[in-house]
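Colleague: Let me begin by handing over the structure; questions about it come next.
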Amino acid sequence: MIITTPGKSSSKIVGRAKKLSIYYGLPYKERLGVSIQTMKKKYRDDIVIVENDRIVISPLHSEKEMFYHPNLALIRAKRIMNGGKGGQEPLISIAKLKEGMSFLDCTLGLASDSIIASLIVGPTGKVTGIEGNQLLHFLTHAGLASFSSGHEEVDAAMRRIDVIHQDHLNYLRECETDSFDVVYLDPMFHESIDTSNGINLIREQALRTNISDELIHEAIRVARARVVLKDHWKSDRFARFGFTQYKRQSSSTNYGMIEV
């Protein structure tokens with residue numbers, strides 16, 4: 001990835017772009033009046049444009065741009081803060097999340113579920129998200145650190161999430177036994193995404209996430225309390241790996257749970 005700025009940029013934006021390039025270990029290139037498409041052809045890489053209030057990514061093989069937004073997590077968070085009015089949050093009830101617990105999201109994506117988990121476990125808890133896709137890791141890591149929802153409690157929950165770029169199976173292998181209260185798997189990368197922001201390019205790669213016997217074995221070893229799986233309601237993975245499936249009416253996604 002290459003970090004740059006908009007065509008017309010203030011010294012403040014340039015300074016921020018340079019700081020991000022150092023922080024993420026990515027090269028910074030001056031815009032010099034050329035188009036983003038020209039930069040992609042020259043460097044043969046994804047281009048990160050640091051704007052005043054957001055970070056935009058132009059993937060190498062797409063003309064679409066994408067930027068971070070927590071999507072439905074904001075609606076879900078507002079419902080929780082409003083006392084649950086408008087419907088129950090299934091992730092909380094099935095994972096049995098409480099303040100002070102630790103939550104490992106093995107398939108972070110845009111962190112919608114991790115934001116909800118962080119909101120519930122609070123500052124005394126811990127939420128760690130693993131993302132193997134470099135572009136998606138950058139987008140989510142930078143987005144969680146800077147996105148403003150207009151709600152202080154939600155912003156604080158976003159900032160507390162520890163985002164790690166690694167293969168989730170390798171991460172689980174390196175974890176000590178009983179490292180987290182809940183280990184969470186969402187192999188289908190279920191996010192309600194506006195296709196105009198280009199995130200489906202990343203979604204296609206995230207869909208390749210494989211759920212294997214070894215992954216489930218490691219998840220059970222690492223979890224102190226339970227392993228939770230989110231998948232399509234027709235998925236055979238619930239039965240195949242021994243999850244108790246909780247069916248949800250009028251929803252294409254179901255949750256499954258293994259009590260450790």
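Residue numbers start at 1 in each chain; chains themselves are named A, B, ... in the order of the structure tokens; ligands are numbered from 1 in the order shown.
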Can you pull out every residue from segment 75-255 of chain A that DSSP, working from the backbone, puts in helix (DSSP H, G or I), and format the result as a PyMOL selection string?
Modeller: chain A and resi 75-81+90-95+112-121+134-146+152-160+168-174+195-197+200-206+213-222+237-240
Colleague: Would you output that residue set with C-alpha atoms, as a PDB file, in the first residue's frame?
Modeller:
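So again.pdb came out as:
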```pdb
ATOM      1  CA  ILE A  75     -27.706   1.012  15.149  1.00  0.00           C
ATOM      2  CA  ARG A  76     -27.115  -2.013  17.378  1.00  0.00           C
ATOM      3  CA  ALA A  77     -25.082   0.044  19.853  1.00  0.00           C
ATOM      4  CA  LYS A  78     -27.749   2.747  20.100  1.00  0.00           C
ATOM      5  CA  ARG A  79     -30.364   0.074  20.741  1.00  0.00           C
ATOM      6  CA  ILE A  80     -28.265  -1.343  23.583  1.00  0.00           C
ATOM      7  CA  MET A  81     -27.694   2.085  25.136  1.00  0.00           C
ATOM      8  CA  PRO A  90     -28.316 -12.056  19.990  1.00  0.00           C
ATOM      9  CA  LEU A  91     -24.518 -11.877  20.199  1.00  0.00           C
ATOM     10  CA  ILE A  92     -24.709 -10.677  23.803  1.00  0.00           C
ATOM     11  CA  SER A  93     -27.205 -13.282  24.952  1.00  0.00           C
ATOM     12  CA  ILE A  94     -25.658 -16.265  23.161  1.00  0.00           C
ATOM     13  CA  ALA A  95     -22.051 -15.385  24.026  1.00  0.00           C
ATOM     14  CA  SER A 112     -19.160  -4.648  13.834  1.00  0.00           C
ATOM     15  CA  ASP A 113     -19.486  -7.506  16.323  1.00  0.00           C
ATOM     16  CA  SER A 114     -16.321  -6.540  18.195  1.00  0.00           C
ATOM     17  CA  ILE A 115     -17.692  -3.030  18.728  1.00  0.00           C
ATOM     18  CA  ILE A 116     -20.789  -4.517  20.382  1.00  0.00           C
ATOM     19  CA  ALA A 117     -18.631  -6.856  22.475  1.00  0.00           C
ATOM     20  CA  SER A 118     -16.369  -3.979  23.550  1.00  0.00           C
ATOM     21  CA  LEU A 119     -19.380  -1.896  24.510  1.00  0.00           C
ATOM     22  CA  ILE A 120     -20.609  -4.688  26.799  1.00  0.00           C
ATOM     23  CA  VAL A 121     -17.340  -5.853  28.397  1.00  0.00           C
ATOM     24  CA  GLN A 134      -3.705  -6.633   5.056  1.00  0.00           C
ATOM     25  CA  LEU A 135      -5.922  -4.080   3.348  1.00  0.00           C
ATOM     26  CA  LEU A 136      -8.892  -4.816   5.576  1.00  0.00           C
ATOM     27  CA  HIS A 137      -6.680  -4.789   8.670  1.00  0.00           C
ATOM     28  CA  PHE A 138      -5.388  -1.335   7.793  1.00  0.00           C
ATOM     29  CA  LEU A 139      -8.865  -0.004   7.008  1.00  0.00           C
ATOM     30  CA  THR A 140     -10.376  -1.287  10.254  1.00  0.00           C
ATOM     31  CA  HIS A 141      -7.410  -0.477  12.497  1.00  0.00           C
ATOM     32  CA  ALA A 142      -7.214   3.106  11.254  1.00  0.00           C
ATOM     33  CA  GLY A 143     -11.007   3.467  11.237  1.00  0.00           C
ATOM     34  CA  LEU A 144     -11.511   2.268  14.804  1.00  0.00           C
ATOM     35  CA  ALA A 145      -8.862   4.723  15.948  1.00  0.00           C
ATOM     36  CA  SER A 146     -10.356   7.775  14.250  1.00  0.00           C
ATOM     37  CA  GLU A 152     -18.677   9.046  23.432  1.00  0.00           C
ATOM     38  CA  GLU A 153     -19.416   5.575  24.807  1.00  0.00           C
ATOM     39  CA  VAL A 154     -19.356   3.978  21.339  1.00  0.00           C
ATOM     40  CA  ASP A 155     -16.174   5.803  20.350  1.00  0.00           C
ATOM     41  CA  ALA A 156     -14.484   4.620  23.541  1.00  0.00           C
ATOM     42  CA  ALA A 157     -15.562   1.030  22.791  1.00  0.00           C
ATOM     43  CA  MET A 158     -14.067   1.305  19.294  1.00  0.00           C
ATOM     44  CA  ARG A 159     -10.755   2.668  20.599  1.00  0.00           C
ATOM     45  CA  ARG A 160     -10.398  -0.204  23.092  1.00  0.00           C
ATOM     46  CA  HIS A 168      -6.298 -16.499  13.046  1.00  0.00           C
ATOM     47  CA  LEU A 169      -5.294 -20.174  13.236  1.00  0.00           C
ATOM     48  CA  ASN A 170      -1.671 -19.235  13.790  1.00  0.00           C
ATOM     49  CA  TYR A 171      -2.749 -16.741  16.437  1.00  0.00           C
ATOM     50  CA  LEU A 172      -4.805 -19.379  18.262  1.00  0.00           C
ATOM     51  CA  ARG A 173      -1.877 -21.815  18.149  1.00  0.00           C
ATOM     52  CA  GLU A 174       0.283 -19.229  19.919  1.00  0.00           C
ATOM     53  CA  THR A 195     -21.485  -1.770  -2.380  1.00  0.00           C
ATOM     54  CA  SER A 196     -20.597   1.732  -3.541  1.00  0.00           C
ATOM     55  CA  ASN A 197     -17.667   1.892  -1.130  1.00  0.00           C
ATOM     56  CA  ASN A 200     -16.993  -6.185  -1.508  1.00  0.00           C
ATOM     57  CA  LEU A 201     -13.546  -6.586  -3.047  1.00  0.00           C
ATOM     58  CA  ILE A 202     -12.303  -7.424   0.419  1.00  0.00           C
ATOM     59  CA  ARG A 203     -15.417  -9.435   1.220  1.00  0.00           C
ATOM     60  CA  GLU A 204     -14.606 -11.835  -1.619  1.00  0.00           C
ATOM     61  CA  GLN A 205     -11.255 -12.588  -0.027  1.00  0.00           C
ATOM     62  CA  ALA A 206     -12.667 -12.853   3.490  1.00  0.00           C
ATOM     63  CA  ASP A 213     -11.231 -29.326  12.795  1.00  0.00           C
ATOM     64  CA  GLU A 214      -7.930 -27.883  14.000  1.00  0.00           C
ATOM     65  CA  LEU A 215      -9.355 -24.359  14.171  1.00  0.00           C
ATOM     66  CA  ILE A 216     -12.302 -25.495  16.300  1.00  0.00           C
ATOM     67  CA  HIS A 217      -9.989 -27.587  18.479  1.00  0.00           C
ATOM     68  CA  GLU A 218      -7.719 -24.586  19.083  1.00  0.00           C
ATOM     69  CA  ALA A 219     -10.686 -22.268  19.687  1.00  0.00           C
ATOM     70  CA  ILE A 220     -12.030 -24.633  22.368  1.00  0.00           C
ATOM     71  CA  ARG A 221      -8.596 -24.850  23.972  1.00  0.00           C
ATOM     72  CA  VAL A 222      -8.181 -21.067  24.069  1.00  0.00           C
ATOM     73  CA  ARG A 237     -20.876 -26.329  10.115  1.00  0.00           C
ATOM     74  CA  PHE A 238     -23.066 -26.080  13.221  1.00  0.00           C
ATOM     75  CA  ALA A 239     -23.751 -29.814  13.282  1.00  0.00           C
ATOM     76  CA  ARG A 240     -20.394 -30.840  11.822  1.00  0.00           C
TER      77      ARG A 240
END
```
Colleague: Need the shell around His69 of chain A: protein/DNA/RNA residues with any atom at most 10 Å away, counting only C-alpha atoms. Skip same-chain ones fewer than 2 positions apart. Format as a list of chain:residue names?
Modeller: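 Near His69 of chain A, the qualifying residues are A:Arg54, A:Met66, A:Phe67, A:Asn71, A:Leu72, A:Ala73, A:Leu74, A:Leu110, A:Ala111, A:Ser112, A:Leu139, A:Thr140, A:Gly143, A:Leu144, A:Phe147, A:Ser148, A:Ser149, A:Ile193, A:Asp194, A:Asn197.
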Colleague: Create the file for the chosen residues now, containing N, CA and C atoms and written as a PDB file, in the first residue's frame.
Modeller:
```pdb
ATOM      1  N   ARG A  54     -11.298  11.531   7.142  1.00  0.00           N
ATOM      2  CA  ARG A  54     -11.403  10.098   6.915  1.00  0.00           C
ATOM      3  C   ARG A  54     -10.201   9.619   6.091  1.00  0.00           C
ATOM      4  N   MET A  66     -13.034   2.951  -1.091  1.00  0.00           N
ATOM      5  CA  MET A  66     -13.653   2.436   0.118  1.00  0.00           C
ATOM      6  C   MET A  66     -13.119   3.184   1.333  1.00  0.00           C
ATOM      7  N   PHE A  67     -13.961   3.290   2.335  1.00  0.00           N
ATOM      8  CA  PHE A  67     -13.577   3.973   3.560  1.00  0.00           C
ATOM      9  C   PHE A  67     -14.262   3.283   4.725  1.00  0.00           C
ATOM     10  N   ASN A  71     -21.115   0.690  10.017  1.00  0.00           N
ATOM     11  CA  ASN A  71     -22.375   0.164   9.502  1.00  0.00           C
ATOM     12  C   ASN A  71     -23.399  -0.123  10.594  1.00  0.00           C
ATOM     13  N   LEU A  72     -23.983  -1.320  10.592  1.00  0.00           N
ATOM     14  CA  LEU A  72     -25.076  -1.634  11.512  1.00  0.00           C
ATOM     15  C   LEU A  72     -24.654  -1.635  12.975  1.00  0.00           C
ATOM     16  N   ALA A  73     -23.360  -1.656  13.255  1.00  0.00           N
ATOM     17  CA  ALA A  73     -22.912  -1.644  14.651  1.00  0.00           C
ATOM     18  C   ALA A  73     -23.424  -0.404  15.374  1.00  0.00           C
ATOM     19  N   LEU A  74     -23.538   0.718  14.672  1.00  0.00           N
ATOM     20  CA  LEU A  74     -24.033   1.943  15.312  1.00  0.00           C
ATOM     21  C   LEU A  74     -25.491   1.802  15.719  1.00  0.00           C
ATOM     22  N   LEU A 110     -14.960  -5.639   9.509  1.00  0.00           N
ATOM     23  CA  LEU A 110     -15.090  -4.223   9.857  1.00  0.00           C
ATOM     24  C   LEU A 110     -15.378  -4.016  11.342  1.00  0.00           C
ATOM     25  N   ALA A 111     -15.289  -5.090  12.117  1.00  0.00           N
ATOM     26  CA  ALA A 111     -15.372  -5.037  13.585  1.00  0.00           C
ATOM     27  C   ALA A 111     -16.765  -4.715  14.127  1.00  0.00           C
ATOM     28  N   SER A 112     -17.805  -4.943  13.342  1.00  0.00           N
ATOM     29  CA  SER A 112     -19.160  -4.648  13.834  1.00  0.00           C
ATOM     30  C   SER A 112     -19.477  -5.404  15.119  1.00  0.00           C
ATOM     31  N   LEU A 139      -7.636  -0.784   7.051  1.00  0.00           N
ATOM     32  CA  LEU A 139      -8.865  -0.004   7.008  1.00  0.00           C
ATOM     33  C   LEU A 139      -9.562   0.001   8.370  1.00  0.00           C
ATOM     34  N   THR A 140      -9.671  -1.168   8.984  1.00  0.00           N
ATOM     35  CA  THR A 140     -10.376  -1.287  10.254  1.00  0.00           C
ATOM     36  C   THR A 140      -9.561  -0.711  11.405  1.00  0.00           C
ATOM     37  N   GLY A 143      -9.642   2.995  11.043  1.00  0.00           N
ATOM     38  CA  GLY A 143     -11.007   3.467  11.237  1.00  0.00           C
ATOM     39  C   GLY A 143     -11.447   3.448  12.685  1.00  0.00           C
ATOM     40  N   LEU A 144     -11.142   2.371  13.391  1.00  0.00           N
ATOM     41  CA  LEU A 144     -11.511   2.268  14.804  1.00  0.00           C
ATOM     42  C   LEU A 144     -10.817   3.340  15.635  1.00  0.00           C
ATOM     43  N   PHE A 147     -12.660   7.036  13.750  1.00  0.00           N
ATOM     44  CA  PHE A 147     -14.061   7.281  13.405  1.00  0.00           C
ATOM     45  C   PHE A 147     -14.818   7.911  14.576  1.00  0.00           C
ATOM     46  N   SER A 148     -15.636   8.915  14.269  1.00  0.00           N
ATOM     47  CA  SER A 148     -16.448   9.574  15.286  1.00  0.00           C
ATOM     48  C   SER A 148     -17.913   9.253  15.059  1.00  0.00           C
ATOM     49  N   SER A 149     -18.512   8.558  16.013  1.00  0.00           N
ATOM     50  CA  SER A 149     -19.903   8.131  15.894  1.00  0.00           C
ATOM     51  C   SER A 149     -20.882   9.172  16.432  1.00  0.00           C
ATOM     52  N   ILE A 193     -23.044  -3.921   3.956  1.00  0.00           N
ATOM     53  CA  ILE A 193     -22.119  -2.970   3.351  1.00  0.00           C
ATOM     54  C   ILE A 193     -22.734  -2.335   2.119  1.00  0.00           C
ATOM     55  N   ASP A 194     -22.580  -1.039   2.015  1.00  0.00           N
ATOM     56  CA  ASP A 194     -22.972  -0.324   0.810  1.00  0.00           C
ATOM     57  C   ASP A 194     -21.968  -0.671  -0.275  1.00  0.00           C
ATOM     58  N   ASN A 197     -18.964   1.556  -1.727  1.00  0.00           N
ATOM     59  CA  ASN A 197     -17.667   1.892  -1.130  1.00  0.00           C
ATOM     60  C   ASN A 197     -16.589   0.870  -1.469  1.00  0.00           C
TER      61      ASN A 197
END
```
Colleague: Find, counting only C-alpha atoms, the residue in A:Thr4, A:Thr124, A:Ser35, A:Gln88 that gets nearest to Glu51 of chain A.
Modeller: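 That would be A:Thr4, the residue with the smallest distance to Glu51 of chain A.
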Colleague: Please extract the residues of segment 21-230 of chain A with a backbone DSSP assignment of strand (DSSP E or B) and present them as a PyMOL selection string.
Modeller: chain A and resi 28+47-50+55-58+66-67+102-105+126-131+162-165+180-185+223-230
Colleague: Using only C-alpha atoms, which protein or nucleic acid residues come within 8 Å of Val260 of chain A? Drop anything in the same chain fewer than 3 positions from it, and give the result as number ranges by chain.
Modeller: A: 220, 223-227
Colleague: Give me a file of those residues, with N, CA and C atoms, as a PDB file, in the first residue's frame.
Modeller:
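Written out: part-v6.pdb:
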```pdb
ATOM      1  N   ILE A 220     -11.539 -24.049  21.111  1.00  0.00           N
ATOM      2  CA  ILE A 220     -12.030 -24.633  22.368  1.00  0.00           C
ATOM      3  C   ILE A 220     -10.936 -24.613  23.427  1.00  0.00           C
ATOM      4  N   ALA A 223     -10.561 -20.908  24.627  1.00  0.00           N
ATOM      5  CA  ALA A 223     -11.733 -20.328  25.289  1.00  0.00           C
ATOM      6  C   ALA A 223     -11.901 -20.857  26.706  1.00  0.00           C
ATOM      7  N   ARG A 224     -12.115 -19.939  27.655  1.00  0.00           N
ATOM      8  CA  ARG A 224     -12.394 -20.331  29.034  1.00  0.00           C
ATOM      9  C   ARG A 224     -13.848 -20.736  29.216  1.00  0.00           C
ATOM     10  N   ALA A 225     -14.741 -20.094  28.462  1.00  0.00           N
ATOM     11  CA  ALA A 225     -16.171 -20.303  28.684  1.00  0.00           C
ATOM     12  C   ALA A 225     -16.886 -20.913  27.489  1.00  0.00           C
ATOM     13  N   ARG A 226     -16.719 -20.303  26.295  1.00  0.00           N
ATOM     14  CA  ARG A 226     -17.479 -20.798  25.149  1.00  0.00           C
ATOM     15  C   ARG A 226     -16.885 -20.309  23.828  1.00  0.00           C
ATOM     16  N   VAL A 227     -17.232 -21.051  22.770  1.00  0.00           N
ATOM     17  CA  VAL A 227     -16.889 -20.684  21.398  1.00  0.00           C
ATOM     18  C   VAL A 227     -18.197 -20.397  20.675  1.00  0.00           C
TER      19      VAL A 227
END
```
Colleague: Using only C-alpha atoms, which of A:Cys175, A:Met39, A:Ile3, A:Ile13 sits nearest Gly25 of chain A?
Modeller: A:Ile3
Colleague: Which residues, written as a PDB file with N, CA and C atoms, in the first residue's frame, have at least one atom at most 10 Å from Leu32 of chain A, with only C-alpha atoms counted and residues fewer than 5 positions away on the same chain left out?
Modeller:
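Saved to out_37.pdb:
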```pdb
ATOM      1  N   THR A   4      -0.794   8.572   0.441  1.00  0.00           N
ATOM      2  CA  THR A   4      -0.668   9.886  -0.181  1.00  0.00           C
ATOM      3  C   THR A   4      -1.768  10.794   0.368  1.00  0.00           C
ATOM      4  N   THR A   5      -1.974  11.933  -0.254  1.00  0.00           N
ATOM      5  CA  THR A   5      -2.963  12.907   0.200  1.00  0.00           C
ATOM      6  C   THR A   5      -3.856  13.314  -0.976  1.00  0.00           C
ATOM      7  N   PRO A   6      -4.939  14.073  -0.722  1.00  0.00           N
ATOM      8  CA  PRO A   6      -5.736  14.600  -1.835  1.00  0.00           C
ATOM      9  C   PRO A   6      -4.903  15.553  -2.687  1.00  0.00           C
ATOM     10  N   GLY A   7      -5.429  15.923  -3.843  1.00  0.00           N
ATOM     11  CA  GLY A   7      -4.702  16.814  -4.744  1.00  0.00           C
ATOM     12  C   GLY A   7      -4.317  18.123  -4.094  1.00  0.00           C
ATOM     13  N   LYS A   8      -5.265  18.711  -3.353  1.00  0.00           N
ATOM     14  CA  LYS A   8      -4.988  19.946  -2.617  1.00  0.00           C
ATOM     15  C   LYS A   8      -5.026  19.622  -1.131  1.00  0.00           C
TER      16      LYS A   8
END
```
